[in-house]
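*Asks:* Structure below; questions to follow.
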Amino acid sequence: MSNSSMQRGQQWLKSLLELTGVSTEIRGNIETSQSQDGDSPEPDNYWLTIDETNLIPGQIQILIGVDGSVLDAIQYLANSVLNLSQLQEDQASYTIELNGYRVKREAEVRTLAEAAANEVRTSGREVEIKSLSSAERRQIHTFLKEFSDLETFSRGKEPHRHLVVRPAAEI
C-alpha cells in the first residue's frame with residue numbers, strides 16, 4: 001500500500017503542476033513511526049517534494065505563496081483528492097515540500113511553541129499564537145501534548161483562528 005500511495009501522490013502532484021504550466025519531477029519520501037505492536041515501522045506521512053532545480057525563483061515564490069498559503073492549498077487539495085474514495089485504512093497523509101519551506105517553517109513553529117510554553121509557565125497565564133495554518137496549529141497541539149502541565153486549544157473562526165496555550169486545569 002505505501003508504495004502505491006506514494007506513487008499516486010507523486011503522479012497526482014506532477015499532473016497538477018503540469019496543468020499550471022510547471023513541468024518538474026516529484027521526489028517521494030516516507031516518514032515512519034513504530035507500529036502498535038512495536039515490530040515494523042508504519043508509514044505516517046508521505047512527503048512529496050517538488051524538484052526546484054529547473055524552476056525560476058518567481059515560480060518557486062508563486063508555488064509557495066504568501067506565508068506558504070499556496071503550498072498549504074496544494075497540500076490540502078492533495079490530501080482531499082488522494083483520499084477521496086479510499087477506505088479508512090488505505091488513507092494517507094501527504095506533506096507537500098518545496099525549496100525547504102516546510103522544514104524551515106516546522107523549525108519556526110516549534111520555536112513558537114517552546115516560547116509560548118515558557119511564557120505560560122513563567123506568567124501562569126494563557127498565550128495566544130496567531131497567524132498559523134490549521135496544519136501548523138495541529139503541529140503545536142501534537143508537540144505540546146507531551147507536557148502534562150500545559151493544554152492547547154484553538155479559538156475563533158477561520159481565517160482568524162488562533163492557537164491558545166495555557167496551564168493545564170487541575171483535576
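Lettering and numbering for the C-alpha cells are positional, with chains as A, B, ... in the shown order, residues counted from 1 in each chain, and ligands counted from 1 in the shown order.
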Give me the residues near A:Glu25 as number ranges by chain, where near means some atom within 7 Å (using only C-alpha atoms) and where sequence neighbours in that chain fewer than 3 positions away do not count.
*Replies:* A: 14, 50-51
*Asks:* Please, which residues of chain A, numbered as in this document, come out strand (DSSP E) from DSSP, as an MDAnalysis selection string?
*Replies:* chainID A and resid 26:34 41:50 94:98 127:129 150:155 162:167
*Asks:* Taking the chain letters and numbering used in this document, name the residues of stretch 11-164 of chain A that DSSP puts in helix (DSSP H, G or I), as an NGL selection string.
*Replies:* :A and (11-19 or 57-64 or 66-82 or 88-90 or 101-123 or 134-144)
*Asks:* Would you pick out the contacts of A:Arg161 at 12 Å or less, using only C-alpha atoms, so that residues sharing its chain but fewer than 4 positions from it are not included, and give the list as a list of chain:residue names?
*Replies:*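 Near neighbours after the sequence-gap exclusion: A:Glu128, A:Ile129, A:Lys130, A:Ser131, A:Leu132, A:Ser133, A:Ser134, A:Glu136, A:Arg137, A:Phe153, A:Ser154, A:Arg155, A:Gly156, A:Lys157.
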*Asks:* Might you pull out every residue within 12 Å of A:Phe143, with only C-alpha atoms counted and same-chain residues fewer than 2 positions away left off, and present them as a CSV table (one decimal) with N, CA and C atoms, in the first residue's frame?
*Replies:*
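selection.csv, written as the output of this step:
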```csv
chain,number,residue,atom,x,y,z
A,106,GLU,N,8.6,24.3,10.0
A,106,GLU,CA,8.5,23.4,11.1
A,106,GLU,C,9.3,23.8,12.3
A,107,ALA,N,10.6,24.2,11.9
A,107,ALA,CA,11.5,24.6,13.0
A,107,ALA,C,11.0,25.9,13.6
A,109,VAL,N,7.9,27.0,13.8
A,109,VAL,CA,6.7,26.7,14.6
A,109,VAL,C,7.0,26.0,15.9
A,110,ARG,N,8.0,25.2,15.9
A,110,ARG,CA,8.5,24.5,17.1
A,110,ARG,C,9.0,25.6,18.1
A,111,THR,N,9.8,26.5,17.5
A,111,THR,CA,10.3,27.6,18.4
A,111,THR,C,9.2,28.4,19.0
A,112,LEU,N,8.2,28.7,18.2
A,112,LEU,CA,7.0,29.5,18.7
A,112,LEU,C,6.3,28.7,19.8
A,113,ALA,N,6.2,27.4,19.6
A,113,ALA,CA,5.6,26.5,20.7
A,113,ALA,C,6.4,26.5,21.9
A,114,GLU,N,7.7,26.4,21.8
A,114,GLU,CA,8.5,26.4,23.0
A,114,GLU,C,8.5,27.8,23.7
A,116,ALA,N,6.0,29.9,23.7
A,116,ALA,CA,4.7,30.0,24.3
A,116,ALA,C,4.6,29.2,25.6
A,117,ALA,N,5.2,28.0,25.5
A,117,ALA,CA,5.2,27.1,26.7
A,117,ALA,C,6.0,27.8,27.8
A,136,GLU,N,-0.2,23.9,11.0
A,136,GLU,CA,0.7,24.4,12.0
A,136,GLU,C,0.1,24.3,13.4
A,137,ARG,N,-1.2,24.6,13.5
A,137,ARG,CA,-1.8,24.5,14.8
A,137,ARG,C,-1.8,23.1,15.3
A,138,ARG,N,-2.1,22.2,14.4
A,138,ARG,CA,-2.1,20.7,14.7
A,138,ARG,C,-0.7,20.3,15.1
A,139,GLN,N,0.3,20.8,14.5
A,139,GLN,CA,1.7,20.5,14.8
A,139,GLN,C,2.0,20.9,16.2
A,140,ILE,N,1.6,22.1,16.6
A,140,ILE,CA,1.8,22.6,18.0
A,140,ILE,C,1.0,21.8,19.0
A,141,HIS,N,-0.3,21.5,18.7
A,141,HIS,CA,-1.1,20.6,19.6
A,141,HIS,C,-0.3,19.3,19.8
A,145,LYS,N,1.3,18.3,23.5
A,145,LYS,CA,0.6,17.3,24.3
A,145,LYS,C,1.5,16.5,25.2
A,146,GLU,N,2.8,16.5,24.9
A,146,GLU,CA,3.7,15.7,25.7
A,146,GLU,C,3.9,16.4,27.1
A,147,PHE,N,3.5,17.6,27.2
A,147,PHE,CA,3.7,18.3,28.5
A,147,PHE,C,2.4,18.3,29.3
A,148,SER,N,2.4,17.6,30.4
A,148,SER,CA,1.1,17.4,31.2
A,148,SER,C,0.7,18.7,31.9
A,150,LEU,N,0.6,21.6,30.5
A,150,LEU,CA,0.1,22.6,29.6
A,150,LEU,C,-1.1,22.0,28.8
A,151,GLU,N,-2.0,22.8,28.3
A,151,GLU,CA,-3.0,22.3,27.4
A,151,GLU,C,-3.2,23.4,26.3
A,152,THR,N,-3.6,22.9,25.1
A,152,THR,CA,-3.8,23.7,24.0
A,152,THR,C,-5.2,23.5,23.4
A,165,VAL,N,-2.3,28.4,24.3
A,165,VAL,CA,-1.6,27.5,25.2
A,165,VAL,C,-1.9,28.1,26.6
```
*Asks:* Counting only C-alpha atoms, which residue out of A:Leu144, A:Leu98, A:Ile30, A:Leu84 sits closest to A:Asn118?
*Replies:*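 Nearest candidate to A:Asn118 out of A:Leu144, A:Leu98, A:Ile30, A:Leu84: A:Leu144.
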*Asks:* Could you list, as a list in words, every residue within 8 Å of A:Ile96, counting only C-alpha atoms and ignoring same-chain residues fewer than 2 positions away?
*Replies:*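 In the requested format, the answer is Trp47, Leu48, Thr49, Ile50, Leu71, Asp72, Ile74, Gln75, Tyr94, Leu98 and Arg102 of chain A.
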*Asks:* Can you write out the residues you just picked, keeping C-alpha atoms, as a PDB file, in the first residue's frame?
*Replies:*
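Listed below is the output, result13.pdb:
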```
ATOM      1  CA  TRP A  47       6.492  13.811   1.739  1.00  0.00           C
ATOM      2  CA  LEU A  48       6.138  14.900  -1.875  1.00  0.00           C
ATOM      3  CA  THR A  49       8.981  17.258  -2.723  1.00  0.00           C
ATOM      4  CA  ILE A  50       8.711  19.423  -5.812  1.00  0.00           C
ATOM      5  CA  LEU A  71       1.709  25.304  -0.726  1.00  0.00           C
ATOM      6  CA  ASP A  72      -0.880  24.803   2.049  1.00  0.00           C
ATOM      7  CA  ILE A  74      -1.948  22.330  -2.754  1.00  0.00           C
ATOM      8  CA  GLN A  75      -1.351  20.133   0.303  1.00  0.00           C
ATOM      9  CA  TYR A  94       0.673  13.955   2.355  1.00  0.00           C
ATOM     10  CA  LEU A  98       9.278  22.970  -1.999  1.00  0.00           C
ATOM     11  CA  ARG A 102       8.196  23.034   5.266  1.00  0.00           C
TER      12      ARG A 102
END
```
*Asks:* How many Å lie between atom CA of A:Tyr101 and atom CA of A:Glu52, rounded to one decimal?
*Replies:*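 Going from atom CA of A:Tyr101 over to atom CA of A:Glu52 covers 11.6 Å.
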*Asks:* Could you check which of A:Leu82, A:Gln59, A:Ala115, A:Val127 is closest to A:Asn99, using only C-alpha atoms?
*Replies:*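 Checking each candidate against A:Asn99, we get A:Gln59 as the closest.
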*Asks:* If you count only C-alpha atoms, which residues fall within 12 Å of A:Ser4, apart from same-chain ones fewer than 4 positions away, as a list in words?
*Replies:*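 Contacts, in chain order: Arg8, Gly9, Gln10, Gln11, Trp12, Gly28, Ile30, Tyr46, Leu82, Asp90, Gln91 and Ala92 of chain A.
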*Asks:* Keeping N, CA and C atoms, export the residues of the selection given above as an mmCIF file, in the first residue's frame.
*Replies:*
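Dumped to part16.cif:
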```cif
data_model
loop_
_atom_site.group_PDB
_atom_site.id
_atom_site.type_symbol
_atom_site.label_atom_id
_atom_site.label_comp_id
_atom_site.auth_asym_id
_atom_site.auth_seq_id
_atom_site.Cartn_x
_atom_site.Cartn_y
_atom_site.Cartn_z
ATOM 1 N N ARG A 8 0.894 7.284 -6.347
ATOM 2 C CA ARG A 8 -0.327 8.035 -6.691
ATOM 3 C C ARG A 8 -0.145 9.511 -6.365
ATOM 4 N N GLY A 9 0.426 9.781 -5.190
ATOM 5 C CA GLY A 9 0.659 11.170 -4.784
ATOM 6 C C GLY A 9 1.624 11.883 -5.724
ATOM 7 N N GLN A 10 2.712 11.219 -6.072
ATOM 8 C CA GLN A 10 3.699 11.822 -6.972
ATOM 9 C C GLN A 10 3.073 12.112 -8.337
ATOM 10 N N GLN A 11 2.337 11.151 -8.871
ATOM 11 C CA GLN A 11 1.730 11.336 -10.192
ATOM 12 C C GLN A 11 0.680 12.440 -10.160
ATOM 13 N N TRP A 12 -0.131 12.461 -9.101
ATOM 14 C CA TRP A 12 -1.172 13.484 -8.979
ATOM 15 C C TRP A 12 -0.553 14.877 -8.933
ATOM 16 N N GLY A 28 9.641 11.483 -3.691
ATOM 17 C CA GLY A 28 8.821 10.987 -2.597
ATOM 18 C C GLY A 28 9.680 10.483 -1.457
ATOM 19 N N ILE A 30 9.085 8.792 2.720
ATOM 20 C CA ILE A 30 8.101 8.316 3.698
ATOM 21 C C ILE A 30 8.614 8.571 5.103
ATOM 22 N N TYR A 46 3.532 10.901 3.870
ATOM 23 C CA TYR A 46 4.267 10.866 2.601
ATOM 24 C C TYR A 46 4.679 12.292 2.250
ATOM 25 N N LEU A 82 -6.630 12.738 -2.950
ATOM 26 C CA LEU A 82 -5.983 11.425 -2.931
ATOM 27 C C LEU A 82 -6.632 10.444 -1.942
ATOM 28 N N ASP A 90 -6.743 2.711 4.125
ATOM 29 C CA ASP A 90 -5.873 2.997 2.982
ATOM 30 C C ASP A 90 -5.610 4.483 2.809
ATOM 31 N N GLN A 91 -6.204 5.322 3.648
ATOM 32 C CA GLN A 91 -5.982 6.757 3.522
ATOM 33 C C GLN A 91 -4.576 7.112 3.997
ATOM 34 N N ALA A 92 -4.023 8.142 3.400
ATOM 35 C CA ALA A 92 -2.649 8.541 3.686
ATOM 36 C C ALA A 92 -2.594 10.044 3.960
#
```
*Asks:* For each of A:Glu126, A:Asp67, A:Thr142, A:Gln88, take the minimum atom-to-atom distance to A:Arg105, counting only C-alpha atoms, then give the residue where this is smallest.
*Replies:*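 Of A:Glu126, A:Asp67, A:Thr142, A:Gln88, the one nearest A:Arg105 is A:Asp67, counting only C-alpha atoms.
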*Asks:* Could you state the separation of atom CA of A:Gln7 and atom CA of A:Val70 in Å, given to one decimal place?
*Replies:*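 Atom-to-atom, atom CA of A:Gln7 and atom CA of A:Val70 are spaced 22.2 Å apart.
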